[in-house]
$ cat data.cif   # mmCIF, C-alpha atoms
data_target
#
loop_
_atom_site.label_atom_id
_atom_site.label_comp_id
_atom_site.auth_asym_id
_atom_site.auth_seq_id
_atom_site.Cartn_x
_atom_site.Cartn_y
_atom_site.Cartn_z
CA MET A 1 -5.89 -16.01 33.80
CA GLY A 2 -9.29 -16.74 32.34
CA LEU A 3 -12.32 -18.69 33.37
CA SER A 4 -12.44 -22.15 34.83
CA PRO A 5 -13.95 -24.69 32.43
CA LEU A 6 -17.44 -25.93 33.21
CA PRO A 7 -17.66 -29.70 33.25
CA ILE A 8 -20.19 -30.94 30.71
CA ASP A 9 -22.41 -33.70 31.92
CA ARG A 10 -22.86 -35.73 28.77
CA ASN A 11 -25.75 -37.77 30.13
CA THR A 12 -28.24 -35.29 31.45
CA THR A 13 -28.14 -31.77 30.07
CA HIS A 14 -28.43 -30.57 26.53
CA GLU A 15 -27.70 -33.75 24.71
CA SER A 16 -30.93 -35.26 25.88
CA ILE A 17 -32.77 -32.59 23.90
CA SER A 18 -33.43 -33.90 20.42
CA PRO A 19 -34.48 -31.46 17.71
CA ASN A 20 -38.25 -31.29 17.42
CA TRP A 21 -40.82 -28.78 16.24
CA VAL A 22 -40.65 -26.71 19.46
CA THR A 23 -36.87 -26.52 19.69
CA THR A 24 -36.40 -25.72 16.02
CA ARG A 25 -38.96 -22.89 16.29
CA LEU A 26 -37.21 -21.65 19.44
CA ASP A 27 -33.87 -21.96 17.69
CA PHE A 28 -35.14 -19.85 14.84
CA LEU A 29 -36.39 -17.17 17.21
CA ALA A 30 -33.24 -17.08 19.32
CA ASN A 31 -30.93 -17.14 16.30
CA TRP A 32 -32.95 -14.48 14.52
CA GLY A 33 -32.61 -12.23 17.55
CA ARG A 34 -28.90 -12.93 18.00
CA ALA A 35 -27.94 -12.61 14.35
CA ASN A 36 -29.64 -9.25 13.96
CA SER A 37 -28.35 -7.57 17.11
CA LEU A 38 -24.70 -8.51 17.25
CA TRP A 39 -22.74 -6.12 19.41
CA PRO A 40 -19.19 -5.94 18.15
CA MET A 41 -16.14 -5.61 20.35
CA PRO A 42 -13.77 -3.75 18.01
CA PHE A 43 -10.18 -4.83 18.54
CA GLY A 44 -8.53 -2.53 16.03
CA THR A 45 -4.75 -2.62 15.87
CA ALA A 46 -3.89 -1.43 12.38
CA CYS A 47 -5.14 -0.15 9.03
CA CYS A 48 -8.00 -2.70 9.02
CA ALA A 49 -9.47 -0.68 11.88
CA ILE A 50 -9.76 2.29 9.51
CA GLU A 51 -11.82 0.17 7.12
CA PHE A 52 -13.81 -1.06 10.08
CA MET A 53 -14.55 2.55 11.06
CA ALA A 54 -15.63 3.22 7.49
CA THR A 55 -17.94 0.22 7.74
CA ALA A 56 -19.42 1.61 10.91
CA ALA A 57 -19.87 5.10 9.49
CA ALA A 58 -22.75 6.47 7.44
CA ARG A 59 -21.80 5.36 3.94
CA PHE A 60 -21.68 1.63 4.65
CA ASP A 61 -23.66 1.81 7.87
CA ILE A 62 -23.20 -1.28 9.97
CA ALA A 63 -26.47 -0.33 11.71
CA ARG A 64 -28.30 -2.02 8.84
CA PHE A 65 -27.14 -5.28 10.42
CA GLY A 66 -27.99 -4.30 13.98
CA MET A 67 -24.30 -3.89 14.83
CA GLU A 68 -24.02 -0.16 15.39
CA ARG A 69 -23.72 -0.55 19.12
CA MET A 70 -19.96 -0.90 19.59
CA SER A 71 -19.26 -2.60 22.85
CA PHE A 72 -15.99 -1.26 24.16
CA SER A 73 -16.41 -3.48 27.18
CA PRO A 74 -16.07 -7.18 26.39
CA ARG A 75 -18.69 -7.94 29.04
CA GLN A 76 -21.51 -6.76 26.78
CA ALA A 77 -20.04 -7.89 23.48
CA ASP A 78 -21.21 -10.67 21.17
CA VAL A 79 -18.67 -10.64 18.40
CA LEU A 80 -14.97 -9.87 18.64
CA ILE A 81 -13.68 -8.25 15.47
CA CYS A 82 -9.90 -8.37 15.37
CA ALA A 83 -9.07 -5.71 12.79
CA GLY A 84 -5.35 -5.68 12.18
CA ARG A 85 -2.13 -7.48 12.99
CA LEU A 86 -1.67 -9.00 16.38
CA PRO A 87 1.80 -8.96 17.93
CA PHE A 88 2.70 -11.58 20.52
CA LYS A 89 2.70 -8.78 23.07
CA LEU A 90 -1.05 -8.39 22.57
CA ALA A 91 -1.79 -12.14 22.55
CA PRO A 92 -2.56 -12.35 26.29
CA VAL A 93 -4.66 -9.20 25.98
CA ILE A 94 -6.96 -10.48 23.23
CA ARG A 95 -7.14 -13.83 25.00
CA ARG A 96 -8.28 -12.07 28.20
CA ILE A 97 -10.86 -10.04 26.28
CA TRP A 98 -12.17 -13.22 24.63
CA ASP A 99 -12.38 -14.97 27.99
CA GLN A 100 -14.28 -12.02 29.44
CA MET A 101 -16.93 -12.07 26.73
CA PRO A 102 -20.05 -13.98 27.81
CA GLN A 103 -21.56 -16.76 25.72
CA PRO A 104 -22.92 -16.74 23.09
CA LYS A 105 -19.93 -15.18 21.35
CA TRP A 106 -18.27 -15.23 17.96
CA ALA A 107 -15.06 -13.91 16.44
CA ILE A 108 -14.29 -12.34 13.08
CA SER A 109 -10.68 -12.24 11.94
CA MET A 110 -10.51 -9.20 9.69
CA GLY A 111 -7.72 -8.90 7.16
CA ALA A 112 -4.70 -10.90 6.07
CA CYS A 113 -2.61 -10.16 9.17
CA ALA A 114 -5.19 -11.22 11.72
CA SER A 115 -5.99 -14.33 9.69
CA SER A 116 -2.50 -15.51 8.84
CA GLY A 117 0.15 -13.03 9.96
CA GLY A 118 0.04 -11.50 6.49
CA ILE A 119 3.31 -9.97 5.35
CA PHE A 120 4.62 -9.96 8.91
CA ASP A 121 6.19 -13.41 9.05
CA ASN A 122 8.61 -12.40 11.77
CA TYR A 123 9.54 -12.90 15.41
CA ALA A 124 7.01 -10.44 16.83
CA MET A 125 3.76 -11.36 15.10
CA VAL A 126 1.10 -13.95 15.80
CA GLN A 127 0.64 -16.02 12.62
CA GLY A 128 -3.15 -15.95 12.67
CA ILE A 129 -5.29 -15.17 15.69
CA ASP A 130 -6.80 -18.65 15.46
CA THR A 131 -3.70 -19.78 17.37
CA ILE A 132 -4.94 -17.63 20.27
CA ILE A 133 -8.77 -17.66 20.11
CA PRO A 134 -11.34 -19.64 18.08
CA VAL A 135 -12.39 -17.77 14.92
CA ASP A 136 -15.74 -18.07 13.12
CA VAL A 137 -15.26 -15.96 10.01
CA TYR A 138 -12.06 -14.95 8.22
CA VAL A 139 -12.26 -11.86 6.03
CA PRO A 140 -9.40 -11.75 3.50
CA GLY A 141 -7.95 -8.52 2.17
CA CYS A 142 -5.23 -6.05 2.97
CA PRO A 143 -7.21 -4.31 4.25
CA PRO A 144 -10.62 -5.69 3.25
CA ARG A 145 -13.00 -3.12 1.81
CA PRO A 146 -16.09 -2.39 3.91
CA GLU A 147 -18.11 -4.52 1.50
CA GLY A 148 -15.79 -7.39 2.32
CA LEU A 149 -16.32 -6.96 6.04
CA LEU A 150 -20.07 -6.68 5.53
CA TYR A 151 -19.99 -9.91 3.54
CA GLY A 152 -18.12 -11.54 6.44
CA ILE A 153 -20.74 -10.23 8.85
CA MET A 154 -23.50 -11.65 6.66
CA LEU A 155 -21.70 -15.00 6.60
CA LEU A 156 -21.57 -14.89 10.39
CA GLN A 157 -25.30 -14.14 10.50
CA LYS A 158 -25.90 -17.11 8.24
CA LYS A 159 -23.79 -19.26 10.53
CA ILE A 160 -25.72 -18.09 13.58
CA MET A 161 -29.04 -18.86 11.85
CA GLY A 162 -27.81 -22.44 11.47
CA GLU A 163 -27.07 -22.95 15.16
CA THR A 164 -29.22 -25.17 17.32
CA MET A 165 -29.63 -25.58 21.05
CA ALA A 166 -29.50 -29.35 20.49
CA ASP A 167 -25.75 -28.99 19.92
CA PRO A 168 -24.11 -28.58 23.35
CA SER A 169 -20.64 -28.10 21.91
CA LEU A 170 -21.45 -24.64 20.52
CA ARG A 171 -21.29 -22.91 23.89
CA VAL A 172 -18.30 -24.71 25.36
CA GLU A 173 -15.54 -22.32 26.37
CA GLN A 174 -12.35 -23.17 24.54
CA LEU A 175 -9.83 -22.21 27.18
CA VAL A 176 -6.07 -22.15 27.37
CA GLY A 177 -5.11 -25.61 28.54
CA PRO A 178 -2.62 -26.69 31.20
CA ASP A 179 0.13 -26.69 28.57
CA GLY A 180 -0.41 -22.94 28.15
CA LEU A 181 -1.91 -23.24 24.67
CA PHE A 182 -5.39 -23.19 23.27
CA ARG A 183 -4.55 -25.51 20.35
CA ARG A 184 -2.21 -28.45 20.07
CA PRO A 185 1.38 -27.19 19.56
CA GLU A 186 1.85 -29.16 16.34
CA HIS A 187 -1.24 -27.46 14.91
CA ILE A 188 0.14 -24.03 15.77
CA ASP A 189 3.46 -24.89 14.15
CA GLU A 190 1.70 -26.17 11.07
CA ILE A 191 -0.60 -23.21 10.50
CA SER A 192 2.26 -20.80 11.26
CA GLU A 193 4.53 -22.21 8.60
CA PRO A 194 5.75 -19.72 6.00
CA PHE A 195 3.79 -19.74 2.78
CA GLY A 196 3.75 -17.82 -0.47
CA ASN A 197 6.48 -15.26 -0.86
CA SER A 198 7.71 -15.48 2.71
CA VAL A 199 9.12 -18.94 1.94
CA HIS A 200 11.92 -17.06 0.18
CA GLN A 201 12.75 -14.75 3.05
CA THR A 202 16.39 -15.01 4.01
CA ARG A 203 17.07 -16.44 7.42
CA SER A 204 20.24 -15.41 9.14
CA ALA A 205 21.73 -18.12 11.35
CA MET B 1 29.73 27.79 11.79
CA SER B 2 28.81 24.49 10.21
CA ALA B 3 29.00 20.86 11.30
CA ALA B 4 32.34 20.57 9.52
CA ASP B 5 33.75 23.25 11.82
CA THR B 6 32.43 21.28 14.76
CA VAL B 7 34.34 18.23 13.54
CA GLY B 8 37.49 20.39 13.30
CA ALA B 9 36.94 21.75 16.79
CA LEU B 10 36.37 18.21 18.08
CA ARG B 11 39.64 17.03 16.54
CA ALA B 12 41.50 19.94 18.12
CA ARG B 13 39.90 19.38 21.53
CA PHE B 14 40.06 15.55 21.63
CA PRO B 15 42.86 14.64 19.19
CA LYS B 16 43.26 11.07 20.43
CA ASP B 17 39.61 10.17 20.79
CA VAL B 18 38.19 11.28 17.47
CA ILE B 19 38.99 8.17 15.47
CA ARG B 20 37.79 9.25 12.05
CA SER B 21 35.14 11.33 10.40
CA HIS B 22 33.47 11.51 7.02
CA VAL B 23 30.49 13.04 5.27
CA VAL B 24 27.52 10.91 4.14
CA CYS B 25 24.75 12.57 2.13
CA GLY B 26 25.74 15.95 3.52
CA GLN B 27 25.76 14.66 7.08
CA ASP B 28 28.98 14.87 9.12
CA VAL B 29 29.71 11.62 10.95
CA VAL B 30 32.30 11.39 13.73
CA TYR B 31 33.61 8.14 15.17
CA VAL B 32 34.76 8.56 18.76
CA SER B 33 36.31 6.22 21.30
CA ASN B 34 34.02 4.54 23.77
CA ASP B 35 36.05 5.68 26.81
CA LYS B 36 35.77 9.38 26.10
CA ALA B 37 32.39 9.33 24.35
CA HIS B 38 30.46 10.69 27.30
CA GLU B 39 32.95 13.51 27.80
CA ILE B 40 32.82 14.39 24.12
CA LEU B 41 29.02 14.38 24.07
CA ARG B 42 28.99 16.54 27.18
CA TRP B 43 31.36 18.98 25.53
CA LEU B 44 29.21 19.05 22.37
CA GLN B 45 26.20 19.89 24.48
CA GLU B 46 27.77 22.39 26.85
CA ASP B 47 30.37 24.23 24.79
CA PRO B 48 28.95 27.66 23.90
CA ALA B 49 30.24 27.33 20.34
CA GLN B 50 28.53 23.93 19.83
CA GLN B 51 25.23 23.90 21.76
CA PHE B 52 23.97 20.53 20.60
CA ASN B 53 20.99 20.81 22.89
CA TYR B 54 18.66 18.34 21.16
CA LEU B 55 19.18 14.59 21.00
CA THR B 56 17.26 13.44 17.93
CA ASP B 57 17.87 9.73 18.23
CA ILE B 58 19.99 6.97 19.67
CA THR B 59 20.16 3.77 17.70
CA CYS B 60 22.56 1.03 16.71
CA VAL B 61 23.84 -0.42 13.45
CA GLU B 62 25.13 -3.93 13.05
CA HIS B 63 26.70 -4.69 9.68
CA ARG B 64 26.42 -7.92 7.77
CA ASP B 65 30.22 -8.25 7.66
CA ALA B 66 31.08 -9.92 10.93
CA GLU B 67 34.43 -8.11 11.18
CA ARG B 68 32.82 -4.68 11.13
CA GLU B 69 32.01 -2.98 14.38
CA LEU B 70 28.57 -2.65 15.90
CA GLU B 71 27.93 1.07 16.04
CA VAL B 72 26.00 3.03 18.62
CA VAL B 73 24.70 6.13 16.85
CA TYR B 74 23.86 9.47 18.43
CA GLN B 75 22.07 11.91 16.16
CA LEU B 76 22.48 15.39 17.60
CA ARG B 77 21.00 18.71 16.62
CA SER B 78 21.65 22.22 17.74
CA LEU B 79 18.32 23.99 17.64
CA ASN B 80 19.88 27.46 17.89
CA ARG B 81 22.58 26.87 15.28
CA LYS B 82 20.45 24.65 13.02
CA VAL B 83 23.27 22.13 12.64
CA ASP B 84 23.15 18.34 12.77
CA LEU B 85 25.93 16.00 13.81
CA ARG B 86 26.11 12.24 13.94
CA VAL B 87 28.38 10.70 16.56
CA LYS B 88 29.20 7.00 16.44
CA ILE B 89 30.83 4.64 18.90
CA GLY B 90 32.24 1.40 17.51
CA LEU B 91 31.90 -1.73 19.63
CA ASN B 92 33.06 -5.29 19.15
CA PRO B 93 29.89 -7.27 18.31
CA ASP B 94 31.22 -10.28 20.26
CA GLY B 95 32.57 -8.29 23.16
CA PRO B 96 30.78 -6.57 25.98
CA LEU B 97 28.32 -4.07 24.53
CA VAL B 98 28.54 -1.39 27.17
CA VAL B 99 28.47 2.39 26.75
CA ARG B 100 27.76 5.16 29.22
CA SER B 101 24.23 6.45 29.42
CA VAL B 102 23.71 10.05 28.30
CA ILE B 103 20.51 10.40 30.26
CA ASP B 104 22.27 12.96 32.50
CA LEU B 105 22.90 15.14 29.41
CA TRP B 106 19.59 14.71 27.56
CA ALA B 107 16.67 13.42 29.61
CA GLY B 108 15.03 12.29 26.37
CA ALA B 109 17.65 9.55 26.09
CA ASP B 110 15.60 7.45 28.53
CA TRP B 111 13.36 5.58 26.08
CA LEU B 112 15.86 5.77 23.22
CA GLU B 113 18.42 3.86 25.27
CA ARG B 114 15.77 1.39 26.40
CA GLU B 115 14.91 0.73 22.76
CA ALA B 116 18.57 0.23 21.81
CA TRP B 117 18.90 -2.18 24.74
CA ASP B 118 15.70 -4.00 23.78
CA MET B 119 16.62 -4.46 20.13
CA PHE B 120 20.43 -4.79 20.22
CA GLY B 121 21.35 -5.67 23.79
CA VAL B 122 23.62 -2.67 24.25
CA LYS B 123 23.91 -1.89 27.95
CA PHE B 124 23.80 1.76 28.92
CA LYS B 125 25.75 2.12 32.15
CA GLY B 126 24.06 4.57 34.46
CA HIS B 127 20.56 4.30 33.00
CA PRO B 128 18.19 4.23 35.98
CA ASP B 129 15.56 1.95 34.42
CA LEU B 130 17.07 -0.11 31.62
CA ARG B 131 14.43 -2.66 30.61
CA ARG B 132 12.58 -3.73 27.51
CA ILE B 133 10.30 -1.20 25.86
CA LEU B 134 9.02 -2.72 22.57
CA MET B 135 9.13 -6.40 23.41
CA TRP B 136 7.29 -7.43 26.54
CA GLU B 137 8.88 -7.78 29.95
CA GLY B 138 10.26 -11.28 30.36
CA TYR B 139 10.91 -11.73 26.63
CA ALA B 140 13.72 -14.26 26.70
CA GLU B 141 14.38 -15.02 23.04
CA GLY B 142 17.18 -12.49 22.63
CA PHE B 143 17.72 -9.18 20.92
CA PRO B 144 15.70 -9.17 17.68
CA LEU B 145 17.71 -6.74 15.55
CA ARG B 146 21.05 -8.49 16.03
CA LYS B 147 22.30 -10.25 12.91
CA SER B 148 22.56 -13.50 14.86
CA PHE B 149 18.81 -13.41 15.50
CA PRO B 150 16.76 -15.32 12.90
CA LEU B 151 13.92 -13.35 11.34
CA ARG B 152 11.28 -15.67 12.75
CA GLY B 153 12.97 -16.00 16.13
CA HIS B 154 14.86 -18.87 17.70
CA TRP B 155 11.89 -20.84 18.95
CA SER B 156 9.04 -22.66 17.28
CA ARG B 157 5.78 -20.78 16.78
CA SER B 158 4.02 -22.93 19.36
CA GLU B 159 6.68 -22.14 21.95
CA GLN B 160 6.48 -18.43 21.11
CA THR B 161 2.69 -18.57 21.43
CA ARG B 162 2.95 -20.39 24.74
CA GLN B 163 5.41 -17.84 26.14
CA ALA B 164 3.26 -14.96 24.90
CA LEU B 165 0.07 -16.33 26.45
CA GLU B 166 1.94 -16.93 29.69
CA ALA B 167 2.87 -13.27 29.96
CA ASN B 168 0.87 -11.29 32.46
CA PRO B 169 0.91 -7.71 31.18
CA GLU B 170 -0.71 -6.27 34.25
CA ALA B 171 2.20 -7.38 36.40
CA TYR B 172 4.46 -4.96 34.53
CA TYR B 173 2.30 -2.31 32.92
CA SER B 174 0.23 -1.19 35.85
CA LEU B 175 -0.57 2.19 37.32
CA GLU B 176 2.55 1.87 39.42
CA GLU B 177 4.60 2.19 36.26
CA LEU B 178 3.26 5.69 35.76
CA SER B 179 5.23 6.70 38.85
CA ILE B 180 2.30 7.89 40.87
CA ALA B 181 4.71 8.62 43.66
CA GLU B 182 6.29 11.44 41.69
CA ALA B 183 3.01 12.97 40.52
CA TYR B 184 1.32 12.35 43.85
CA HIS B 185 0.89 15.98 44.82
CA GLU B 186 -0.65 16.88 41.47
CA LEU B 187 -3.37 14.24 41.73
CA PRO B 188 -6.93 15.18 42.74
CA LEU B 189 -7.66 14.91 46.44
CA ASP B 190 -10.01 11.92 46.20
CA VAL B 191 -7.47 9.93 44.17
CA ARG B 192 -4.79 10.77 46.73
CA GLU B 193 -7.01 9.55 49.55
CA ARG B 194 -7.82 6.35 47.71
CA LEU B 195 -4.18 5.63 47.01
CA ALA B 196 -3.16 6.37 50.56
CA LYS B 197 -5.91 4.09 51.84
CA ALA B 198 -4.74 1.29 49.56
CA GLY B 199 -1.20 1.75 50.84
CA LYS B 200 0.05 2.45 47.32
CA VAL B 201 1.75 5.73 48.08
CA LEU B 202 3.30 7.12 51.21
CA PRO B 203 2.14 10.73 51.40
#

$ encode --input "data.cif" --output "structure tokens"
Amino acid sequence: MGLSPLPIDRNTTHESISPNWVTTRLDFLANWGRANSLWPMPFGTACCAIEFMATAAARFDIARFGMERMSFSPRQADVLICAGRLPFKLAPVIRRIWDQMPQPKWAISMGACASSGGIFDNYAMVQGIDTIIPVDVYVPGCPPRPEGLLYGIMLLQKKIMGETMADPSLRVEQLVGPDGLFRRPEHIDEISEPFGNSVHQTRSA
Amino acid sequence: MSAADTVGALRARFPKDVIRSHVVCGQDVVYVSNDKAHEILRWLQEDPAQQFNYLTDITCVEHRDAERELEVVYQLRSLNRKVDLRVKIGLNPDGPLVVRSVIDLWAGADWLEREAWDMFGVKFKGHPDLRRILMWEGYAEGFPLRKSFPLRGHWSRSEQTRQALEANPEAYYSLEELSIAEAYHELPLDVRERLAKAGKVLP
């Protein structure tokens, strides 16, 4: 499942481009266009999705950031917003959606559960979607207020404005490897470790 | 006639198989033997004086004390009489967890029994389609609500992530699952033609 990785020829393609006046001006133009017309793919699974809907609605008005065009098909989406907890059952689904999104693409992890598993430190829940897909911006909160999400969106815009075509690594697909994981297993174990109050949860057996 | 009268009638009708009964928070609870449970439930549903025609829920309870029984719980309601009754079957948590399916009495038992199987591993003999419903198909870690199941699961997070990413949802949750075959004649003509052409359904 997913795309086949494109081999990067280190000698010929992008790396031979060094930043100069033309590329930096082009970068600015491309990034300005991308940052101000992000089409979100809303992946709402829980109460964060309600805040996301509030962000999209008239009072907070995500259209001010050029994001009002929700892309319910991943094929036209630029930014995946995972709003809510992600159970392991949905892990292959969000991974497939991420793989279907064309480059350039970014991901926002909205809320405590998407970012870290939140209060759901149990057998059914992914402990942070960054064990499944690469994440650009984490928005803390349970759920985050619309202002929080908007701040995350502005951070993402700032990040996009800093991108350059001289960096070939930005557009490399980070796919699920032959071991069936997208990160090294010891990293997943480490970032999934219980923290805070869930350290004290009783374990039977 | 109240639920207490039902318990009395049950004791008179099945003296050996009603093990004990008590009242919890105004709710009558009857413990019955596993062998006769299906017969008792059938009687509760069909007897004109009982008419428990609505199955509210099927679930299980496993207690922290290892010597206590694992209980399969049937929450019944008679819509006409406005009476509730809770029927419990005690099972040995170590032994075979097998009870008879009540899907022939209440069709709504289908998903309830699948959930009890998914979470507790209780087998419902006679259920036509007993497979996981909350956890995904192929989930091999065990039955999450058993006391022997650790809160975070048996495996490491990386192994759980690997198994989850390996799952192919479309192999199990496809259109075929919606039993197109049964609804075939209610489908629009063009859909029927398309399905027949794809060899999905035999008209």

$ atom_distance --input "data.cif" --atom1 "atom CA of A:Pro42" --atom2 "atom CA of A:Gly152"
14.6 Å

$ closest_residue --input "data.cif" --among "B:Arg64, B:Asp129, B:Val191, B:Arg114" --to "chain A" --atoms "all atoms listed in the file"
B:Arg64

$ closest_residue --input "data.cif" --among "A:Leu170, A:Cys47, A:Ile129, A:Met70" --to "chain B" --atoms "all atoms listed in the file"
A:Ile129

$ atom_distance --input "data.cif" --atom1 "atom CA of A:Arg184" --atom2 "atom CA of B:Ser158"
8.4 Å

$ resolve_selection --input "data.cif" --expression "the PyMOL selection byres ((chain B and resi 99-113) around 8)" --output "PyMOL selection string"
chain B and resi 34+37-38+42+45+53-55+57-59+97-98+114-117+122-127+130+133

$ residues_around --input "data.cif" --residues "A:Lys105" --least-positions-apart "3" --cutoff "8 Å" --atoms "all atoms listed in the file" --output "PyMOL selection string"
chain A and resi 77-80+101-102

$ atom_distance --input "data.cif" --atom1 "atom CA of A:Phe28" --atom2 "atom CA of A:Met161"
6.9 Å

$ resolve_selection --input "data.cif" --expression "the PyMOL selection byres ((chain B) within 12 of (chain A))" --output "number ranges by chain"
B: 64, 119, 132-139, 141-170, 173

$ residues_around --input "data.cif" --residues "A:Gly84" --least-positions-apart "3" --cutoff "6 Å" --atoms "only C-alpha atoms" --output "number ranges by chain"
A: 44-46, 48, 114

$ residues_around --input "data.cif" --residues "A:Thr164" --least-positions-apart "3" --cutoff "8 Å" --atoms "only C-alpha atoms" --output "PDB file with C-alpha atoms, keeping the file's coordinate frame"
ATOM      1  CA  THR A  24     -36.400 -25.720  16.020  1.00  0.00           C
ATOM      2  CA  ASP A  27     -33.870 -21.960  17.690  1.00  0.00           C
ATOM      3  CA  ASP A 167     -25.750 -28.990  19.920  1.00  0.00           C
TER       4      ASP A 167
END

$ residues_near_point --input "data.cif" --point "(-24.6, -1.7, 17.0)" --cutoff "12 Å" --atoms "all atoms listed in the file" --output "list of chain:residue names"
A:Ala35, A:Asn36, A:Ser37, A:Leu38, A:Trp39, A:Pro40, A:Met41, A:Pro42, A:Thr55, A:Ala56, A:Ala57, A:Asp61, A:Ile62, A:Ala63, A:Arg64, A:Phe65, A:Gly66, A:Met67, A:Glu68, A:Arg69, A:Met70, A:Ser71, A:Phe72, A:Gln76, A:Ala77, A:Asp78, A:Val79

$ closest_residue --input "data.cif" --among "B:Asp5, B:Val72, B:Pro48, B:Glu186" --to "B:Cys60" --atoms "only C-alpha atoms"
B:Val72

$ residues_around --input "data.cif" --residues "stretch 6-10 of chain B" --least-positions-apart "5" --cutoff "12 Å" --atoms "all atoms listed in the file" --output "count of residues only"
40

$ axis_aligned_box --input "data.cif" --around "stretch 156-168 of chain A" --padding-each-side "5 Å" --output "lines of an AutoDock Vina configuration file"
center_x = -25.6
center_y = -21.7
center_z = 15.8
size_x = 18.1
size_y = 25.2
size_z = 25.1

$ decode --input "data.cif" --residues "stretch 60-76 of chain A" --atoms "C-alpha atoms" --output "mmCIF file, in the first residue's frame"
data_model
loop_
_atom_site.group_PDB
_atom_site.id
_atom_site.type_symbol
_atom_site.label_atom_id
_atom_site.label_comp_id
_atom_site.auth_asym_id
_atom_site.auth_seq_id
_atom_site.Cartn_x
_atom_site.Cartn_y
_atom_site.Cartn_z
ATOM 1 C CA PHE A 60 -12.881 32.725 13.171
ATOM 2 C CA ASP A 61 -12.999 32.380 9.397
ATOM 3 C CA ILE A 62 -10.177 30.260 8.100
ATOM 4 C CA ALA A 63 -10.744 31.937 4.716
ATOM 5 C CA ARG A 64 -8.590 34.810 5.959
ATOM 6 C CA PHE A 65 -5.665 32.419 5.512
ATOM 7 C CA GLY A 66 -6.763 31.114 2.126
ATOM 8 C CA MET A 67 -7.789 27.782 3.653
ATOM 9 C CA GLU A 68 -11.547 27.839 3.256
ATOM 10 C CA ARG A 69 -11.483 25.311 0.467
ATOM 11 C CA MET A 70 -11.740 22.018 2.364
ATOM 12 C CA SER A 71 -10.412 19.241 0.241
ATOM 13 C CA PHE A 72 -12.312 16.118 1.123
ATOM 14 C CA SER A 73 -10.283 14.271 -1.467
ATOM 15 C CA PRO A 74 -6.629 13.872 -0.507
ATOM 16 C CA ARG A 75 -5.675 14.219 -4.176
ATOM 17 C CA GLN A 76 -6.253 17.973 -4.107
#
